[in-house]
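Below is the file model-v4.cif, which contains mmCIF, C-alpha atoms.
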data_entry
#
loop_
_atom_site.group_PDB
_atom_site.id
_atom_site.type_symbol
_atom_site.label_atom_id
_atom_site.label_comp_id
_atom_site.auth_asym_id
_atom_site.auth_seq_id
_atom_site.Cartn_x
_atom_site.Cartn_y
_atom_site.Cartn_z
ATOM 1 C CA MET A 1 86.651 90.207 34.802
ATOM 2 C CA GLY A 2 84.092 91.434 37.325
ATOM 3 C CA SER A 3 83.347 89.898 40.678
ATOM 4 C CA PRO A 4 80.832 87.020 40.512
ATOM 5 C CA ARG A 5 78.952 88.820 43.298
ATOM 6 C CA ASN A 6 78.481 91.909 41.122
ATOM 7 C CA LYS A 7 74.810 91.886 40.110
ATOM 8 C CA THR A 8 74.790 95.259 38.324
ATOM 9 C CA ILE A 9 72.557 95.268 35.226
ATOM 10 C CA ASP A 10 74.384 96.938 32.336
ATOM 11 C CA ILE A 11 73.079 95.329 29.140
ATOM 12 C CA GLU A 12 73.796 96.923 25.769
ATOM 13 C CA VAL A 13 70.874 97.576 23.413
ATOM 14 C CA THR A 14 72.305 95.066 20.951
ATOM 15 C CA GLU A 15 72.233 92.391 23.652
ATOM 16 C CA GLY A 16 68.736 93.271 24.825
ATOM 17 C CA ALA A 17 66.712 93.146 21.617
ATOM 18 C CA GLU A 18 64.171 90.775 23.183
ATOM 19 C CA TYR A 19 63.555 93.247 26.004
ATOM 20 C CA LEU A 20 63.329 96.240 23.691
ATOM 21 C CA ALA A 21 60.694 94.407 21.648
ATOM 22 C CA ARG A 22 58.427 94.313 24.713
ATOM 23 C CA CYS A 23 58.271 98.122 24.850
ATOM 24 C CA VAL A 24 55.722 100.388 23.184
ATOM 25 C CA ARG A 25 56.947 102.996 20.718
ATOM 26 C CA ASP A 26 55.737 106.579 20.878
ATOM 27 C CA ARG A 27 54.483 106.302 17.290
ATOM 28 C CA ASP A 28 52.206 103.368 18.212
ATOM 29 C CA LEU A 29 50.168 105.331 20.752
ATOM 30 C CA ASN A 30 46.709 106.436 19.717
ATOM 31 C CA GLY A 31 45.580 108.076 22.959
ATOM 32 C CA SER A 32 42.915 105.540 23.977
ATOM 33 C CA PRO A 33 42.964 103.301 25.831
ATOM 34 C CA SER A 34 46.090 103.831 27.893
ATOM 35 C CA PRO A 35 48.599 100.960 27.711
ATOM 36 C CA GLU A 36 49.103 99.089 30.980
ATOM 37 C CA ASN A 37 52.152 97.415 32.457
ATOM 38 C CA LYS A 38 54.336 98.759 29.673
ATOM 39 C CA THR A 39 57.467 100.789 29.095
ATOM 40 C CA ILE A 40 56.993 103.491 26.463
ATOM 41 C CA ILE A 41 60.051 104.534 24.469
ATOM 42 C CA GLY A 42 59.849 108.223 23.684
ATOM 43 C CA ASP A 43 60.108 111.841 24.771
ATOM 44 C CA SER A 44 57.921 112.399 27.835
ATOM 45 C CA PHE A 45 56.826 115.828 26.619
ATOM 46 C CA GLU A 46 55.413 114.297 23.440
ATOM 47 C CA VAL A 47 54.151 111.010 24.880
ATOM 48 C CA MET A 48 52.133 112.654 27.673
ATOM 49 C CA LYS A 49 50.125 114.547 25.049
ATOM 50 C CA LYS A 50 48.958 111.199 23.655
ATOM 51 C CA LEU A 51 47.871 109.573 26.929
ATOM 52 C CA PRO A 52 44.199 109.649 28.019
ATOM 53 C CA GLY A 53 43.081 111.963 30.778
ATOM 54 C CA GLY A 54 42.581 110.774 34.346
ATOM 55 C CA PHE A 55 44.203 107.358 33.912
ATOM 56 C CA ALA A 56 46.769 107.566 36.751
ATOM 57 C CA ASP A 57 46.139 107.106 40.471
ATOM 58 C CA LEU A 58 49.713 107.938 41.457
ATOM 59 C CA VAL A 59 52.624 109.663 39.734
ATOM 60 C CA ILE A 60 56.230 109.337 40.838
ATOM 61 C CA ALA A 61 58.446 111.701 38.843
ATOM 62 C CA ASP A 62 62.232 111.743 38.968
ATOM 63 C CA PRO A 63 63.167 114.324 36.307
ATOM 64 C CA PRO A 64 66.765 115.323 35.605
ATOM 65 C CA TYR A 65 68.042 117.545 38.387
ATOM 66 C CA ASN A 66 69.307 120.971 37.377
ATOM 67 C CA MET A 67 72.900 119.953 36.779
ATOM 68 C CA ASP A 68 75.070 118.701 33.941
ATOM 69 C CA LYS A 69 74.559 114.954 33.669
ATOM 70 C CA ASP A 70 75.275 112.351 31.014
ATOM 71 C CA PHE A 71 72.640 109.614 31.004
ATOM 72 C CA HIS A 72 74.534 107.189 28.745
ATOM 73 C CA GLY A 73 74.460 109.513 25.773
ATOM 74 C CA GLU A 74 71.358 111.531 26.684
ATOM 75 C CA LYS A 75 72.843 114.700 28.144
ATOM 76 C CA PHE A 76 71.067 117.230 30.373
ATOM 77 C CA LYS A 77 72.622 120.687 30.621
ATOM 78 C CA SER A 78 72.120 122.806 33.735
ATOM 79 C CA LEU A 79 69.813 125.784 33.333
ATOM 80 C CA SER A 80 69.228 129.051 35.132
ATOM 81 C CA ASP A 81 66.587 128.915 37.883
ATOM 82 C CA ARG A 82 64.148 130.531 35.470
ATOM 83 C CA GLY A 83 65.044 128.074 32.727
ATOM 84 C CA TYR A 84 64.601 125.094 35.051
ATOM 85 C CA ALA A 85 61.277 126.520 36.257
ATOM 86 C CA GLU A 86 60.082 126.730 32.651
ATOM 87 C CA TYR A 87 61.274 123.182 31.999
ATOM 88 C CA THR A 88 59.470 121.939 35.136
ATOM 89 C CA GLU A 89 56.263 123.784 34.328
ATOM 90 C CA ARG A 90 56.205 122.263 30.851
ATOM 91 C CA TRP A 91 56.045 118.688 32.133
ATOM 92 C CA VAL A 92 53.927 119.435 35.219
ATOM 93 C CA SER A 93 51.236 121.120 33.100
ATOM 94 C CA LEU A 94 51.140 118.044 30.841
ATOM 95 C CA LEU A 95 51.011 115.734 33.842
ATOM 96 C CA LEU A 96 48.058 117.247 35.718
ATOM 97 C CA PRO A 97 45.322 116.148 33.241
ATOM 98 C CA LEU A 98 46.572 112.563 33.404
ATOM 99 C CA LEU A 99 45.823 112.194 37.124
ATOM 100 C CA LYS A 100 42.504 111.251 38.675
ATOM 101 C CA ASP A 101 40.833 113.785 40.978
ATOM 102 C CA THR A 102 41.917 111.583 43.899
ATOM 103 C CA GLY A 103 45.458 111.265 42.569
ATOM 104 C CA SER A 104 48.778 112.015 44.237
ATOM 105 C CA VAL A 105 52.176 113.025 42.870
ATOM 106 C CA TYR A 106 55.694 112.746 44.267
ATOM 107 C CA VAL A 107 58.528 114.699 42.640
ATOM 108 C CA CYS A 108 62.182 113.960 43.380
ATOM 109 C CA CYS A 109 64.731 116.784 43.458
ATOM 110 C CA ASP A 110 67.923 117.977 45.144
ATOM 111 C CA TRP A 111 68.475 121.003 47.385
ATOM 112 C CA GLN A 112 69.393 123.254 44.456
ATOM 113 C CA SER A 113 66.184 122.605 42.519
ATOM 114 C CA SER A 114 63.814 121.957 45.433
ATOM 115 C CA ASN A 115 62.538 125.534 45.732
ATOM 116 C CA VAL A 116 61.959 125.787 41.987
ATOM 117 C CA VAL A 117 60.007 122.512 41.965
ATOM 118 C CA TYR A 118 57.905 123.680 44.906
ATOM 119 C CA GLU A 119 57.001 126.969 43.231
ATOM 120 C CA ILE A 120 55.748 125.194 40.116
ATOM 121 C CA LEU A 121 53.940 122.350 41.890
ATOM 122 C CA GLN A 122 51.989 124.680 44.153
ATOM 123 C CA LYS A 123 50.508 126.371 41.065
ATOM 124 C CA TYR A 124 48.923 123.094 39.929
ATOM 125 C CA PHE A 125 48.561 120.889 43.020
ATOM 126 C CA LYS A 126 47.934 120.998 46.750
ATOM 127 C CA ILE A 127 51.302 120.600 48.467
ATOM 128 C CA ARG A 128 51.107 118.157 51.374
ATOM 129 C CA ASN A 129 54.699 117.736 52.544
ATOM 130 C CA ARG A 130 58.369 117.640 51.703
ATOM 131 C CA ILE A 131 60.166 114.371 52.382
ATOM 132 C CA THR A 132 63.923 114.526 52.879
ATOM 133 C CA TRP A 133 65.793 111.265 52.585
ATOM 134 C CA GLN A 134 69.372 110.492 53.449
ATOM 135 C CA ARG A 135 71.690 109.058 50.841
ATOM 136 C CA GLU A 136 74.398 107.325 52.810
ATOM 137 C CA LYS A 137 76.554 107.748 49.723
ATOM 138 C CA GLY A 138 77.775 111.070 48.381
ATOM 139 C CA ARG A 139 80.917 112.831 47.335
ATOM 140 C CA GLY A 140 82.857 114.802 49.906
ATOM 141 C CA ALA A 141 83.838 118.418 49.319
ATOM 142 C CA SER A 142 86.919 120.336 50.500
ATOM 143 C CA ARG A 143 85.085 123.664 50.856
ATOM 144 C CA ASN A 144 81.493 122.652 51.539
ATOM 145 C CA TRP A 145 79.324 120.149 53.412
ATOM 146 C CA LYS A 146 78.957 116.720 51.879
ATOM 147 C CA ASN A 147 75.744 116.527 49.843
ATOM 148 C CA SER A 148 73.932 113.443 51.173
ATOM 149 C CA MET A 149 70.260 114.511 51.231
ATOM 150 C CA GLU A 150 67.546 114.649 48.582
ATOM 151 C CA ASP A 151 63.966 115.940 48.650
ATOM 152 C CA ILE A 152 60.670 114.512 47.447
ATOM 153 C CA TRP A 153 57.668 116.848 47.228
ATOM 154 C CA PHE A 154 54.304 115.218 48.011
ATOM 155 C CA ALA A 155 51.232 116.838 46.454
ATOM 156 C CA THR A 156 47.648 115.910 45.591
ATOM 157 C CA VAL A 157 45.109 116.985 43.009
ATOM 158 C CA SER A 158 42.398 117.591 45.619
ATOM 159 C CA ASP A 159 41.610 117.184 49.306
ATOM 160 C CA SER A 160 40.354 113.664 48.592
ATOM 161 C CA TYR A 161 43.330 111.323 48.300
ATOM 162 C CA ILE A 162 44.713 107.974 49.470
ATOM 163 C CA PHE A 163 47.121 107.707 52.375
ATOM 164 C CA ASN A 164 47.601 104.246 53.858
ATOM 165 C CA LEU A 165 49.356 105.016 57.134
ATOM 166 C CA ASP A 166 49.498 101.467 58.495
ATOM 167 C CA ALA A 167 51.202 100.254 55.308
ATOM 168 C CA VAL A 168 54.261 102.444 55.800
ATOM 169 C CA LYS A 169 55.091 102.268 59.485
ATOM 170 C CA LEU A 170 58.767 101.811 60.298
ATOM 171 C CA ARG A 171 59.953 99.021 62.579
ATOM 172 C CA ARG A 172 62.584 100.364 64.973
ATOM 173 C CA ARG A 173 64.608 98.535 67.567
ATOM 174 C CA VAL A 174 63.651 99.361 71.170
ATOM 175 C CA ILE A 175 66.765 100.270 73.131
ATOM 176 C CA ALA A 176 65.155 100.725 76.557
ATOM 177 C CA PRO A 177 62.000 98.570 76.611
ATOM 178 C CA TYR A 178 59.261 99.747 78.972
ATOM 179 C CA LYS A 179 56.840 97.285 80.555
ATOM 180 C CA VAL A 180 53.559 97.604 82.405
ATOM 181 C CA ASP A 181 52.592 94.710 84.669
ATOM 182 C CA GLY A 182 55.467 92.780 83.149
ATOM 183 C CA LYS A 183 54.179 93.137 79.590
ATOM 184 C CA PRO A 184 55.655 95.210 76.733
ATOM 185 C CA LYS A 185 54.202 98.727 76.445
ATOM 186 C CA ASP A 186 53.787 99.735 72.762
ATOM 187 C CA TRP A 187 56.491 97.364 71.539
ATOM 188 C CA GLU A 188 56.892 93.725 70.551
ATOM 189 C CA GLU A 189 59.248 91.109 71.921
ATOM 190 C CA THR A 190 60.609 88.767 69.219
ATOM 191 C CA ASP A 191 63.382 86.213 68.792
ATOM 192 C CA GLN A 192 65.288 88.830 66.762
ATOM 193 C CA GLY A 193 64.966 91.506 69.441
ATOM 194 C CA ASN A 194 62.559 94.131 70.754
ATOM 195 C CA PHE A 195 60.795 96.313 68.165
ATOM 196 C CA ARG A 196 58.223 99.088 67.878
ATOM 197 C CA ASN A 197 56.279 100.091 64.765
ATOM 198 C CA THR A 198 56.419 103.897 64.543
ATOM 199 C CA HIS A 199 54.585 106.493 62.474
ATOM 200 C CA PRO A 200 56.639 107.575 59.456
ATOM 201 C CA SER A 201 58.041 111.102 59.478
ATOM 202 C CA ASN A 202 59.112 113.257 56.552
ATOM 203 C CA PHE A 203 62.799 112.506 57.233
ATOM 204 C CA TRP A 204 63.931 109.067 56.078
ATOM 205 C CA ASP A 205 67.253 107.730 57.303
ATOM 206 C CA ASP A 206 66.575 104.045 56.588
ATOM 207 C CA ILE A 207 67.222 103.996 52.827
ATOM 208 C CA SER A 208 70.160 102.173 51.236
ATOM 209 C CA VAL A 209 71.208 103.361 47.777
ATOM 210 C CA PRO A 210 71.564 100.360 45.409
ATOM 211 C CA TYR A 211 75.096 99.032 45.154
ATOM 212 C CA TRP A 212 76.898 96.401 43.086
ATOM 213 C CA SER A 213 75.910 93.298 45.057
ATOM 214 C CA MET A 214 72.168 94.104 45.127
ATOM 215 C CA PRO A 215 69.987 92.483 42.404
ATOM 216 C CA GLU A 216 68.152 95.772 41.815
ATOM 217 C CA ASN A 217 71.355 97.656 40.963
ATOM 218 C CA THR A 218 71.912 98.998 37.448
ATOM 219 C CA ALA A 219 74.518 101.232 35.838
ATOM 220 C CA HIS A 220 72.067 104.165 35.824
ATOM 221 C CA PRO A 221 73.779 107.197 37.426
ATOM 222 C CA THR A 222 70.801 108.353 39.517
ATOM 223 C CA GLN A 223 68.850 105.173 40.267
ATOM 224 C CA LYS A 224 66.325 105.400 43.109
ATOM 225 C CA PRO A 225 66.064 102.510 45.627
ATOM 226 C CA GLU A 226 63.076 100.190 45.451
ATOM 227 C CA LYS A 227 62.561 100.590 49.198
ATOM 228 C CA LEU A 228 62.107 104.332 48.823
ATOM 229 C CA LEU A 229 59.603 103.872 46.001
ATOM 230 C CA ALA A 230 57.769 101.143 47.929
ATOM 231 C CA LYS A 231 56.981 103.646 50.678
ATOM 232 C CA LEU A 232 55.480 106.105 48.202
ATOM 233 C CA ILE A 233 53.500 103.438 46.361
ATOM 234 C CA LEU A 234 52.109 101.731 49.470
ATOM 235 C CA ALA A 235 51.167 105.031 51.108
ATOM 236 C CA SER A 236 49.449 106.636 48.122
ATOM 237 C CA SER A 237 47.877 103.823 46.109
ATOM 238 C CA ASP A 238 45.831 100.669 46.564
ATOM 239 C CA LYS A 239 46.139 97.244 44.956
ATOM 240 C CA ASP A 240 45.574 97.352 41.164
ATOM 241 C CA ASP A 241 45.879 101.160 41.050
ATOM 242 C CA MET A 242 47.832 102.691 38.160
ATOM 243 C CA VAL A 243 51.290 104.068 38.987
ATOM 244 C CA PHE A 244 52.798 106.319 36.312
ATOM 245 C CA ASP A 245 56.409 107.483 35.965
ATOM 246 C CA PRO A 246 57.121 109.994 33.163
ATOM 247 C CA PHE A 247 60.920 109.763 33.663
ATOM 248 C CA LEU A 248 61.324 106.021 34.177
ATOM 249 C CA GLY A 249 65.094 105.645 33.916
ATOM 250 C CA SER A 250 66.117 102.058 34.656
ATOM 251 C CA GLY A 251 62.581 101.084 35.666
ATOM 252 C CA SER A 252 62.591 101.234 39.476
ATOM 253 C CA THR A 253 59.056 102.670 39.771
ATOM 254 C CA SER A 254 57.501 100.108 37.433
ATOM 255 C CA VAL A 255 59.401 97.220 39.018
ATOM 256 C CA THR A 256 58.395 98.211 42.544
ATOM 257 C CA ALA A 257 54.780 98.773 41.496
ATOM 258 C CA LYS A 258 54.704 95.295 39.959
ATOM 259 C CA LYS A 259 56.150 93.707 43.081
ATOM 260 C CA LEU A 260 53.438 95.411 45.168
ATOM 261 C CA GLY A 261 50.498 94.392 42.968
ATOM 262 C CA ARG A 262 49.920 97.691 41.189
ATOM 263 C CA ARG A 263 49.529 98.390 37.486
ATOM 264 C CA TYR A 264 52.238 100.561 36.006
ATOM 265 C CA LEU A 265 53.276 102.675 33.042
ATOM 266 C CA GLY A 266 56.573 104.447 32.425
ATOM 267 C CA ILE A 267 58.146 106.642 29.750
ATOM 268 C CA GLU A 268 61.856 106.576 28.955
ATOM 269 C CA GLN A 269 63.667 107.952 25.901
ATOM 270 C CA ASN A 270 66.951 106.061 26.377
ATOM 271 C CA GLU A 271 66.590 102.633 24.749
ATOM 272 C CA ARG A 272 69.365 101.174 26.886
ATOM 273 C CA TYR A 273 67.496 102.077 30.070
ATOM 274 C CA CYS A 274 64.307 100.581 28.606
ATOM 275 C CA VAL A 275 66.185 97.297 28.154
ATOM 276 C CA TRP A 276 67.264 97.394 31.795
ATOM 277 C CA ALA A 277 63.721 98.175 32.928
ATOM 278 C CA GLU A 278 62.260 95.224 31.022
ATOM 279 C CA LYS A 279 65.010 92.925 32.291
ATOM 280 C CA ARG A 280 64.177 93.917 35.866
ATOM 281 C CA LEU A 281 60.440 93.466 35.267
ATOM 282 C CA GLU A 282 61.198 89.938 34.068
ATOM 283 C CA MET A 283 63.272 89.312 37.219
ATOM 284 C CA ALA A 284 60.328 90.504 39.332
ATOM 285 C CA GLU A 285 58.293 87.570 38.043
ATOM 286 C CA ARG A 286 60.584 85.262 40.013
ATOM 287 C CA ASP A 287 61.558 87.479 42.935
ATOM 288 C CA ARG A 288 59.214 90.079 44.421
ATOM 289 C CA SER A 289 61.353 90.852 47.446
ATOM 290 C CA ILE A 290 62.291 94.453 48.261
ATOM 291 C CA GLN A 291 65.440 95.117 50.267
ATOM 292 C CA GLY A 292 64.522 96.520 53.687
ATOM 293 C CA TYR A 293 60.820 95.575 53.401
ATOM 294 C CA LYS A 294 59.650 92.200 54.671
ATOM 295 C CA ASP A 295 56.368 90.748 55.951
ATOM 296 C CA GLY A 296 54.623 94.087 55.462
ATOM 297 C CA VAL A 297 57.137 95.998 57.557
ATOM 298 C CA PHE A 298 59.841 98.541 56.712
ATOM 299 C CA TRP A 299 62.965 97.839 58.724
ATOM 300 C CA GLU A 300 65.691 100.219 59.833
ATOM 301 C CA ARG A 301 68.828 100.310 57.708
ATOM 302 C CA ASN A 302 71.402 97.665 58.639
ATOM 303 C CA SER A 303 68.797 95.627 60.519
ATOM 304 C CA GLY A 304 69.612 92.570 58.434
ATOM 305 C CA LYS A 305 66.257 92.561 56.641
#
Structure encoded using structure tokens:
Amino acid sequence: MGSPRNKTIDIEVTEGAEYLARCVRDRDLNGSPSPENKTIIGDSFEVMKKLPGGFADLVIADPPYNMDKDFHGEKFKSLSDRGYAEYTERWVSLLLPLLKDTGSVYVCCDWQSSNVVYEILQKYFKIRNRITWQREKGRGASRNWKNSMEDIWFATVSDSYIFNLDAVKLRRRVIAPYKVDGKPKDWEETDQGNFRNTHPSNFWDDISVPYWSMPENTAHPTQKPEKLLAKLILASSDKDDMVFDPFLGSGSTSVTAKKLGRRYLGIEQNERYCVWAEKRLEMAERDRSIQGYKDGVFWERNSGK
């Protein structure tokens, strides 16, 4: 018997027939027009061939990292660097035609695959930056440093692209407040304390990985936090823009896009994960909150927001 505080979503396909019925099957796609606000069940490499060109404003891709991993029956086997480069180039080349000329793409990876991902992306896109974010979780190692960082490559189709700086500033606590003529200098005095909104850097140490008592948590082994995705979506898209995720997993990109007033489309081949995604999209109808993001502000980790 699990704890009543455990909110982890782990529904079997047999239990989630109503959610599976909301998805679109690969075989039902005809290429035009593109479905909106849907989860597509199918192989990304085949589905992307059937989607219309230039439909996406923003892509967030979280492909399998180059390691052995069992995604509830869908297994990914580690490849050589060359093999993983070929795998990456296959999906990146299919992805490029689906983006608008003003579109942006973010690709998640770990330190072992980061260089390979960069080499492929720079052949097709204009690389803008590499974000490194801190996972406060991670397994220790007896003969190596604990692996608690992941990368996200930021790239654009052209030199014309969206970047909403004011939407992604981080609210930090002011330790030594400075005043001029008795008034705060570049910070705000509130009942909760003294804070300053700072420009975001490419190192993020304010992200909490979903855990069992958080409503967004699922049993997916590599789930990305909604707060992390919210930063990418707010920075690189506007209201009603289309956010596309070719490796949707348990639905975090689509759910976060919905909560932030964007259109969304995701592809996932594991039916169980599609059930979880649709369950979470249903939950987002009632609750659009994002842990760590409140009143248009991203708060530091452990700030109580």
Open item on the list: Please expand the PyMOL selection byres ((chain A and resi 15-25) around 8) into the concrete residues it hits in this file, giving the result as a list in words.
Closed with: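 Selection result, ordered by chain and number: Ile11, Glu12, Val13, Thr14, Asp26, Arg27, Asp28, Leu29, Lys38, Thr39, Ile40, Ile41, Gly42, Glu271, Cys274, Val275, Glu278 and Lys279 of chain A.
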TODO: Take the PyMOL selection byres ((chain A and resi 201-214) around 7), apply it to the structure above, and return the hits as a list in words.
DONE: Arg5, Asn6, Lys7, Thr8, Arg130, Ile131, Thr132, Trp133, Gln134, Arg135, Glu136, His199, Pro200, Pro215, Glu216, Asn217, Pro225, Lys227, Leu228, Glu300 and Arg301 of chain A
TODO: For the structure shown, which residues end up in the PyMOL selection byres ((chain A and resi 242) around 7)? Put them as a list in words, please?
DONE: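 Applying the PyMOL selection byres ((chain A and resi 242) around 7) to the structure shown produces Ala56, Asp57, Leu58, Asp240, Asp241, Val243, Phe244, Arg262, Arg263 and Tyr264 of chain A.
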Export of the given selection (C-alpha atoms) as a CSV table (one decimal), in the frame of the given file:
chain,number,residue,atom,x,y,z
A,56,ALA,CA,46.8,107.6,36.8
A,57,ASP,CA,46.1,107.1,40.5
A,58,LEU,CA,49.7,107.9,41.5
A,240,ASP,CA,45.6,97.4,41.2
A,241,ASP,CA,45.9,101.2,41.0
A,243,VAL,CA,51.3,104.1,39.0
A,244,PHE,CA,52.8,106.3,36.3
A,262,ARG,CA,49.9,97.7,41.2
A,263,ARG,CA,49.5,98.4,37.5
A,264,TYR,CA,52.2,100.6,36.0
- [ ] Pick out the residues sitting within 12 Å of Ser78 (chain A), and hand them over as a list in words; count only C-alpha atoms, and ignore anything fewer than 4 positions along from it in its own chain.
- [x]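 Listed by chain and then number, they are Pro64, Tyr65, Asn66, Met67, Asp68, Lys69, Asp70, Arg82, Gly83, Tyr84, Ala85, Tyr87, Gln112 and Ser113 of chain A.
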Would you give me, as CSV, each residue of region 235-262 of chain A having an atom within 8 Å of an atom of region 150-164 of chain A, along with its shortest atom pair and that distance in Å to one decimal, using all atoms listed in the file and sorting by chain and residue number?
residue,atom,partner,partner_atom,distance
A:Ala235,CA,A:Asn164,CA,4.6
A:Ser236,CA,A:Phe163,CA,5.0
A:Ser237,CA,A:Ile162,CA,6.2
A:Asp238,CA,A:Ile162,CA,7.9
TODO: Identify which of the residues A:Asn147, A:Ser80, A:Asn30, A:Asn37 lies closest to Ala277 (chain A), counting only C-alpha atoms when measuring atom-to-atom distances.
DONE: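 That would be A:Asn37, the residue with the smallest distance to Ala277 (chain A).
Computed from the coordinates, the CA of Cys108 (chain A) to CA of Asp295 (chain A) distance equals 27.0 Å.
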Task: Shell around region 94-98 of chain A at 8 Å using only C-alpha atoms, local window under 5 positions removed, as a ChimeraX atom specification - done: /A:45,48-49,51-56,124,157
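Candidate residues A:Asp245, A:Asp166, A:Asp43, A:Glu226 were compared for distance to Gln291 (chain A), and the nearest is A:Glu226, using all atoms listed in the file.
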Open item on the list: Using Å and a single decimal, report how far CA of Pro221 (chain A) sits from CA of Ile233 (chain A).
Closed with: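 According to the coordinates, CA of Ile233 (chain A) and CA of Pro221 (chain A) are separated by 22.5 Å.
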Open item on the list: Considering all atoms listed in the file, can you say which of A:Gly296, A:Gly249, A:Pro33, A:Gly73 comes closest to Leu234 (chain A)?
Closed with: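 Of A:Gly296, A:Gly249, A:Pro33, A:Gly73, the one nearest Leu234 (chain A) is A:Gly296, counting all atoms listed in the file.
Here CA of Lys146 (chain A) and CA of Lys224 (chain A) stand 19.1 Å from one another.
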- [ ] Counting only C-alpha atoms, figure out which residue out of A:Val47, A:Leu99, A:Ile290, A:Val297 gets nearest to Phe247 (chain A).
- [x]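 Nearest candidate to Phe247 (chain A) out of A:Val47, A:Leu99, A:Ile290, A:Val297: A:Val47.
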Task: Closest of A:Thr88, A:Trp299, A:Asn129, A:Leu121 to Leu170 (chain A) - atom-to-atom distances counting all atoms listed in the file - done: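 Checking each of A:Thr88, A:Trp299, A:Asn129, A:Leu121 against Leu170 (chain A), counting all atoms listed in the file, the winner is A:Trp299.
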TODO: For Trp276 (chain A), list every protein, DNA or RNA residue within 8 Å, evaluated using only C-alpha atoms, and leave out those in the same chain fewer than 3 positions away; present the list as a PyMOL selection string.
DONE: chain A and resi 9-11+218+250-251+272-273+279-280
Missing atoms in region 206-222 of chain A: can you complete it with N, CA and C atoms, as a PDB file, in the frame of the given file?
ATOM      1  N   ASP A 206      66.514 105.508  56.635  1.00  0.00           N
ATOM      2  CA  ASP A 206      66.575 104.045  56.588  1.00  0.00           C
ATOM      3  C   ASP A 206      66.755 103.503  55.170  1.00  0.00           C
ATOM      4  N   ILE A 207      67.131 104.388  54.234  1.00  0.00           N
ATOM      5  CA  ILE A 207      67.222 103.996  52.827  1.00  0.00           C
ATOM      6  C   ILE A 207      68.663 103.672  52.448  1.00  0.00           C
ATOM      7  N   SER A 208      68.852 102.539  51.786  1.00  0.00           N
ATOM      8  CA  SER A 208      70.160 102.173  51.236  1.00  0.00           C
ATOM      9  C   SER A 208      70.144 102.384  49.729  1.00  0.00           C
ATOM     10  N   VAL A 209      71.084 103.168  49.218  1.00  0.00           N
ATOM     11  CA  VAL A 209      71.208 103.361  47.777  1.00  0.00           C
ATOM     12  C   VAL A 209      71.704 102.058  47.151  1.00  0.00           C
ATOM     13  N   PRO A 210      71.129 101.625  46.026  1.00  0.00           N
ATOM     14  CA  PRO A 210      71.564 100.360  45.409  1.00  0.00           C
ATOM     15  C   PRO A 210      73.070 100.329  45.145  1.00  0.00           C
ATOM     16  N   TYR A 211      73.670  99.196  45.419  1.00  0.00           N
ATOM     17  CA  TYR A 211      75.096  99.032  45.154  1.00  0.00           C
ATOM     18  C   TYR A 211      75.325  97.702  44.439  1.00  0.00           C
ATOM     19  N   TRP A 212      76.562  97.446  44.055  1.00  0.00           N
ATOM     20  CA  TRP A 212      76.898  96.401  43.086  1.00  0.00           C
ATOM     21  C   TRP A 212      76.451  94.993  43.433  1.00  0.00           C
ATOM     22  N   SER A 213      76.294  94.668  44.704  1.00  0.00           N
ATOM     23  CA  SER A 213      75.910  93.298  45.057  1.00  0.00           C
ATOM     24  C   SER A 213      74.404  93.123  45.240  1.00  0.00           C
ATOM     25  N   MET A 214      73.629  94.184  44.994  1.00  0.00           N
ATOM     26  CA  MET A 214      72.168  94.104  45.127  1.00  0.00           C
ATOM     27  C   MET A 214      71.540  93.792  43.773  1.00  0.00           C
ATOM     28  N   PRO A 215      70.596  92.849  43.689  1.00  0.00           N
ATOM     29  CA  PRO A 215      69.987  92.483  42.404  1.00  0.00           C
ATOM     30  C   PRO A 215      69.301  93.645  41.700  1.00  0.00           C
ATOM     31  N   GLU A 216      68.843  94.647  42.441  1.00  0.00           N
ATOM     32  CA  GLU A 216      68.152  95.772  41.815  1.00  0.00           C
ATOM     33  C   GLU A 216      69.112  96.773  41.172  1.00  0.00           C
ATOM     34  N   ASN A 217      70.399  96.641  41.418  1.00  0.00           N
ATOM     35  CA  ASN A 217      71.355  97.656  40.963  1.00  0.00           C
ATOM     36  C   ASN A 217      71.545  97.629  39.449  1.00  0.00           C
ATOM     37  N   THR A 218      71.599  98.848  38.866  1.00  0.00           N
ATOM     38  CA  THR A 218      71.912  98.998  37.448  1.00  0.00           C
ATOM     39  C   THR A 218      73.029 100.026  37.321  1.00  0.00           C
ATOM     40  N   ALA A 219      73.469 100.242  36.095  1.00  0.00           N
ATOM     41  CA  ALA A 219      74.518 101.232  35.838  1.00  0.00           C
ATOM     42  C   ALA A 219      73.954 102.636  35.656  1.00  0.00           C
ATOM     43  N   HIS A 220      72.676 102.831  35.928  1.00  0.00           N
ATOM     44  CA  HIS A 220      72.067 104.165  35.824  1.00  0.00           C
ATOM     45  C   HIS A 220      72.691 105.090  36.866  1.00  0.00           C
ATOM     46  N   PRO A 221      73.051 106.324  36.488  1.00  0.00           N
ATOM     47  CA  PRO A 221      73.779 107.197  37.426  1.00  0.00           C
ATOM     48  C   PRO A 221      72.954 107.762  38.570  1.00  0.00           C
ATOM     49  N   THR A 222      71.626 107.757  38.454  1.00  0.00           N
ATOM     50  CA  THR A 222      70.801 108.353  39.517  1.00  0.00           C
ATOM     51  C   THR A 222      69.647 107.436  39.915  1.00  0.00           C
TER      52      THR A 222
END
